[in-house]
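Chemist: Please see the structure below; I have some questions.
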Amino acid sequence: MIPPRFEYHAPKSIGEAIKLLTDLGDSAKLLAGGHSLLPMMKLRFAAPEHLIDINRIPELRGVREENGQVIIGAMTVENEVINSPIIQAKLPLLSDAAKLIADPQVRNRGTIGGDIAHGDPGNDHPALAMAIDATFVLEGPGGRRTVAASDFFFGTYMTALAENEVLCEIHAPAFPDGTGYAYEKLKRKTGDWATAGCAVVMRKNGDSISHIRITLTNVAPTALRAHEAEAALLGKSLDAANIAAAAGAAAAICDPAEDLRGDVEYKTAMASEMVKRALKAAAARCA
């Protein structure tokens with residue numbers, strides 16, 4: 001189908017984009033990579049009267065490190081995330097996980113900020129952002145504010161981003177030496193969303209786990225952080241019994257929607273399996 005008519009805007013600064021959002025109100029939508037919005041427009045599920053293309057705003061792109069924080073511009077595309085020397089060295093989970101997103105064509109256009117701001121539980125970066133303790137820098141008419149990734153997602157397509165705000169940057173602390181990490185994602189075919197996914201970040205002190213994050217993709221109306229699963233492992237060794245306890249605790253918070261990828265029981269079981277795989281893979285990377 002052909003989308004309905006709309007006015008096209010191409011601001012060259014964040015301030016100009018915010019002014020357009022404020023003046024045009026809920027009749028306007030931001031256009032980043034377009035992989036979510038444009039298909040919805042073609043199907044007439046979305047019909048904005050104005051599209052604000054933020055691809056021409058240079059300060060929204062790029063990766064840098066400042067004071068132990070990795071700072072990623074929201075319009076940085078997935079292939080830049082994969083190939084950035086800074087991300088590869090300091091947040092390698094993101095580089096590895098981005099290789100599992102869609103396909104090369106999509107990764108050349110799709111942006112990390114668009115993936116996050118859309119609020120789709122099937123997207124990968126929400127769970128990844130929570131796993132790395134990221135914060136998001138949002139800018140609106142009143143200036144900038146920061147929101148922790150764990151506080152940003154409210155439900156399917158529902159986030160803390162106001163209608164007249166722009167997601168500008170993603171900040172996350174660089175991994176300390178000895179950090180283990182993994183993202184395990186079950187999908188039916190290349191380019192598909194996850195049937196279930198799990199991100200893990202961990203560190204050890206001897207045989208016991210001193211830091212652990214376990215987050216889940218596409219098994220609830222929003223990405224999940226599995227607090228009880230983390231508690232089942234913190235301060236303990238990663239033996240079979242503790243892995244099983246963590247996987248069970250993660251499965252207990254799953255609330256997936258039944259669709260062509262599987263029913264509720266299957267998706268929940270696969271989430272548990274992804275947790276087990278991710279824990280073992282992350283542990284293998286701990287120095």
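Chain lettering (A, B, ...) mirrors the order of the structure tokens, residue numbering begins at 1 for each chain separately, and ligand numbering begins at 1 in order of display.
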If you count only C-alpha atoms, which residues fall within 9 Å of range 128-135 of chain A, apart from same-chain ones fewer than 5 positions away, as a PDB file with C-alpha atoms, in the first residue's frame?
Modeler:
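Below you can see around.pdb, which holds the result:
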ATOM      1  CA  LEU A  91      31.261  -2.439  25.293  1.00  0.00           C
ATOM      2  CA  LEU A  93      28.382  -6.904  23.982  1.00  0.00           C
ATOM      3  CA  LEU A  94      26.835  -4.235  21.743  1.00  0.00           C
ATOM      4  CA  ALA A  97      24.693  -8.362  19.533  1.00  0.00           C
ATOM      5  CA  ILE A 116      15.351   2.123  21.504  1.00  0.00           C
ATOM      6  CA  THR A 146      18.753  11.700  31.536  1.00  0.00           C
ATOM      7  CA  VAL A 147      16.689   8.561  32.080  1.00  0.00           C
ATOM      8  CA  ALA A 148      18.074   5.177  33.073  1.00  0.00           C
ATOM      9  CA  ALA A 149      17.341   2.428  30.557  1.00  0.00           C
ATOM     10  CA  SER A 150      15.608   0.449  33.312  1.00  0.00           C
ATOM     11  CA  PHE A 152      12.577   4.209  30.128  1.00  0.00           C
ATOM     12  CA  GLU A 169      22.737   9.952  23.184  1.00  0.00           C
ATOM     13  CA  ILE A 170      23.190   6.615  24.900  1.00  0.00           C
ATOM     14  CA  HIS A 171      25.711   6.585  27.767  1.00  0.00           C
ATOM     15  CA  ALA A 172      27.126   3.463  29.397  1.00  0.00           C
ATOM     16  CA  PRO A 173      30.131   2.724  31.618  1.00  0.00           C
ATOM     17  CA  ALA A 174      32.983   0.934  29.896  1.00  0.00           C
ATOM     18  CA  PHE A 175      33.280  -2.701  30.937  1.00  0.00           C
ATOM     19  CA  TYR A 183      23.516 -12.147  23.974  1.00  0.00           C
ATOM     20  CA  CYS A 198      18.684 -12.925  26.780  1.00  0.00           C
ATOM     21  CA  ALA A 199      21.558 -10.539  27.502  1.00  0.00           C
ATOM     22  CA  VAL A 200      23.955 -11.234  30.368  1.00  0.00           C
ATOM     23  CA  VAL A 201      26.773  -9.129  31.812  1.00  0.00           C
ATOM     24  CA  ILE A 212      25.267  -9.769  37.258  1.00  0.00           C
ATOM     25  CA  ARG A 213      22.698  -8.356  34.848  1.00  0.00           C
ATOM     26  CA  ILE A 214      20.143 -10.582  33.120  1.00  0.00           C
ATOM     27  CA  THR A 215      17.698  -8.996  30.669  1.00  0.00           C
ATOM     28  CA  LEU A 216      15.149 -10.475  28.288  1.00  0.00           C
ATOM     29  CA  THR A 217      13.916  -9.624  24.776  1.00  0.00           C
ATOM     30  CA  ALA A 223      12.089  -5.686  27.653  1.00  0.00           C
ATOM     31  CA  LEU A 224      12.615  -7.134  31.114  1.00  0.00           C
ATOM     32  CA  ARG A 225      15.355  -7.063  33.711  1.00  0.00           C
TER      33      ARG A 225
END
Chemist: Please build the interface table for range 82-146 of chain A against range 55-59 of chain A with a cut-off of 12 Å, listing for each qualifying residue the nearest atom pair and the distance in Å to one decimal; count only C-alpha atoms, order rows by chain and increasing number, and write it as a tab-separated table.
Modeler:
residue	atom	partner	partner_atom	distance
A:Arg109	CA	A:Asn55	CA	10.1
A:Gly110	CA	A:Asn55	CA	11.0
A:Thr111	CA	A:Asn55	CA	10.0
A:Gly113	CA	A:Asn55	CA	11.7
A:Gly114	CA	A:Asn55	CA	11.2
Chemist: Given only C-alpha atoms as the basis, pick out the residue of A:Thr156, A:Ser272, A:Ser36, A:Thr190 nearest to Pro126 in chain A.
Modeler: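 Among A:Thr156, A:Ser272, A:Ser36, A:Thr190, it is A:Thr156 that comes nearest to Pro126 in chain A.
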Chemist: If you take only C-alpha atoms and a cut-off of 10 Å, which residues of range 99-194 of chain A touch range 246-264 of chain A, and what are their nearest atom pairs and distances in Å to one decimal, in chain and number order, as JSON lines?
Modeler:
{"residue": "A:Pro121", "atom": "CA", "partner": "A:Pro256", "partner_atom": "CA", "distance": 9.7}
{"residue": "A:Lys187", "atom": "CA", "partner": "A:Arg261", "partner_atom": "CA", "distance": 8.2}
{"residue": "A:Arg188", "atom": "CA", "partner": "A:Arg261", "partner_atom": "CA", "distance": 7.4}
{"residue": "A:Asp192", "atom": "CA", "partner": "A:Arg261", "partner_atom": "CA", "distance": 9.8}
{"residue": "A:Trp193", "atom": "CA", "partner": "A:Arg261", "partner_atom": "CA", "distance": 9.2}
{"residue": "A:Ala194", "atom": "CA", "partner": "A:Arg261", "partner_atom": "CA", "distance": 8.6}
Chemist: Let's have the selection written as a CSV table (one decimal), in the first residue's frame, with C-alpha atoms.
Modeler:
chain,number,residue,atom,x,y,z
A,121,PRO,CA,9.6,-5.4,22.9
A,187,LYS,CA,14.9,-16.5,15.8
A,188,ARG,CA,13.2,-18.4,13.0
A,192,ASP,CA,13.4,-12.0,12.1
A,193,TRP,CA,12.8,-10.6,15.6
A,194,ALA,CA,13.7,-12.8,18.5
Chemist: A:Ile71, A:Glu7, A:Asn164, A:Ile112: which is nearest Asp26 in chain A, counting only C-alpha atoms?
Modeler: A:Asn164
Chemist: Write out as a VMD selection string all residues of range 38-217 of chain A that backbone DSSP assigns to strand (DSSP E or B).
Modeler: chain A and resid 50 to 53 63 to 66 69 to 73 77 111 135 to 140 143 to 148 153 to 155 158 to 159 166 to 173 180 to 186 196 to 205 208 to 217
Chemist: List as JSON, numbers by chain the protein and nucleic acid residues near range 14-18 of chain A, meaning an atom at most 10 Å away when only C-alpha atoms are counted, but skip any in the same chain fewer than 5 places from it.
Modeler: {"A": [9, 23, 24, 30, 52, 53, 54, 56, 57, 58, 59, 60, 139, 140, 141, 143, 163, 164, 165, 166, 167, 168]}
Chemist: Skip Met270 in chain A itself and residues of its chain fewer than 2 positions away, then list as a list in words all residues within 9 Å of it, counting only C-alpha atoms.
Modeler: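 Counting only C-alpha atoms, the residues come to Leu186, Thr195, Ala196, Gly197, Ala251, Glu265, Tyr266, Lys267, Thr268, Ser272, Glu273, Met274 and Val275 of chain A.
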Chemist: Those same residues, written as a PDB file, in the first residue's frame with C-alpha atoms?
Modeler:
ATOM      1  CA  LEU A 186      16.501 -17.507  19.128  1.00  0.00           C
ATOM      2  CA  THR A 195      11.335 -15.600  19.586  1.00  0.00           C
ATOM      3  CA  ALA A 196      13.168 -15.052  22.867  1.00  0.00           C
ATOM      4  CA  GLY A 197      16.470 -13.411  23.735  1.00  0.00           C
ATOM      5  CA  ALA A 251      10.879 -17.698  33.141  1.00  0.00           C
ATOM      6  CA  GLU A 265       4.510 -22.018  26.887  1.00  0.00           C
ATOM      7  CA  TYR A 266       7.030 -22.414  24.075  1.00  0.00           C
ATOM      8  CA  LYS A 267       8.297 -18.825  24.252  1.00  0.00           C
ATOM      9  CA  THR A 268       8.668 -19.028  28.027  1.00  0.00           C
ATOM     10  CA  SER A 272      14.674 -20.052  30.050  1.00  0.00           C
ATOM     11  CA  GLU A 273      16.958 -21.801  27.573  1.00  0.00           C
ATOM     12  CA  MET A 274      18.403 -18.499  26.317  1.00  0.00           C
ATOM     13  CA  VAL A 275      19.187 -17.526  29.930  1.00  0.00           C
TER      14      VAL A 275
END
Chemist: Take CA of Cys286 in chain A and CA of Ile209 in chain A and report the distance between them in Å, one decimal.
Modeler: 10.2 Å
Chemist: Can you tell me how far CA of Arg277 in chain A sits from CA of Lys90 in chain A, in Å to one decimal?
Modeler: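 So the answer is 22.6 Å.
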Chemist: Can you pull out the residues contacting Asp115 in chain A? Cut-off 10 Å, using only C-alpha atoms, and skip same-chain residues under 6 positions away; I want them as number ranges by chain.
Modeler: A: 32-36, 74-75, 77-78, 121-126
Chemist: Just N, CA and C atoms for this one: save the residues we selected as a short mmCIF file (atom, residue, chain, number, x, y, z; two decimals), in the first residue's frame.
Modeler:
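This is the output file selection01.cif:
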data_model
loop_
_atom_site.label_atom_id
_atom_site.label_comp_id
_atom_site.auth_asym_id
_atom_site.auth_seq_id
_atom_site.Cartn_x
_atom_site.Cartn_y
_atom_site.Cartn_z
N ALA A 32 13.98 8.21 11.72
CA ALA A 32 15.39 7.85 11.89
C ALA A 32 15.76 6.89 10.77
N GLY A 33 15.92 5.59 11.07
CA GLY A 33 16.20 4.63 10.02
C GLY A 33 14.97 4.31 9.18
N GLY A 34 13.80 4.41 9.79
CA GLY A 34 12.54 4.23 9.07
C GLY A 34 12.05 2.80 8.96
N HIS A 35 12.77 1.85 9.56
CA HIS A 35 12.39 0.45 9.38
C HIS A 35 11.14 0.06 10.15
N SER A 36 10.77 0.84 11.14
CA SER A 36 9.52 0.58 11.87
C SER A 36 8.40 1.49 11.40
N ALA A 74 22.51 8.83 19.05
CA ALA A 74 21.31 8.04 18.81
C ALA A 74 21.13 7.66 17.34
N MET A 75 21.68 8.45 16.42
CA MET A 75 21.55 8.16 14.99
C MET A 75 22.71 7.34 14.44
N VAL A 77 24.31 4.16 13.19
CA VAL A 77 23.68 2.97 12.60
C VAL A 77 24.34 1.71 13.15
N GLU A 78 23.64 0.58 12.98
CA GLU A 78 24.08 -0.68 13.56
C GLU A 78 25.47 -1.10 13.06
N PRO A 121 8.96 -4.32 22.08
CA PRO A 121 9.61 -5.36 22.89
C PRO A 121 10.40 -6.36 22.07
N GLY A 122 10.14 -6.41 20.74
CA GLY A 122 10.89 -7.29 19.87
C GLY A 122 12.25 -6.75 19.48
N ASN A 123 12.48 -5.46 19.68
CA ASN A 123 13.76 -4.87 19.35
C ASN A 123 14.82 -5.32 20.35
N ASP A 124 16.07 -5.35 19.92
CA ASP A 124 17.14 -5.92 20.74
C ASP A 124 17.78 -4.92 21.70
N HIS A 125 17.89 -3.65 21.30
CA HIS A 125 18.66 -2.71 22.12
C HIS A 125 18.03 -2.36 23.47
N PRO A 126 16.71 -2.42 23.64
CA PRO A 126 16.20 -2.16 24.99
C PRO A 126 16.78 -3.09 26.06
#
Chemist: DSSP on the backbone: which residues in range 123-270 of chain A end up as alpha helix (DSSP H)? Give the answer as a ChimeraX atom specification.
Modeler: /A:125-131,227-231,240-252,264-270
Chemist: With only C-alpha atoms as the basis for distance, which of A:Gln69, A:Asn79, A:Thr22, A:Ser27 is at the shortest distance from Phe6 in chain A?
Modeler: A:Ser27
Chemist: Looking at only C-alpha atoms, which of A:Glu49, A:Arg203, A:Lys236, A:Val219 is the one that sits closest to Ala269 in chain A?
Modeler: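 Answer, going by the shortest atom-to-atom distance: A:Val219.
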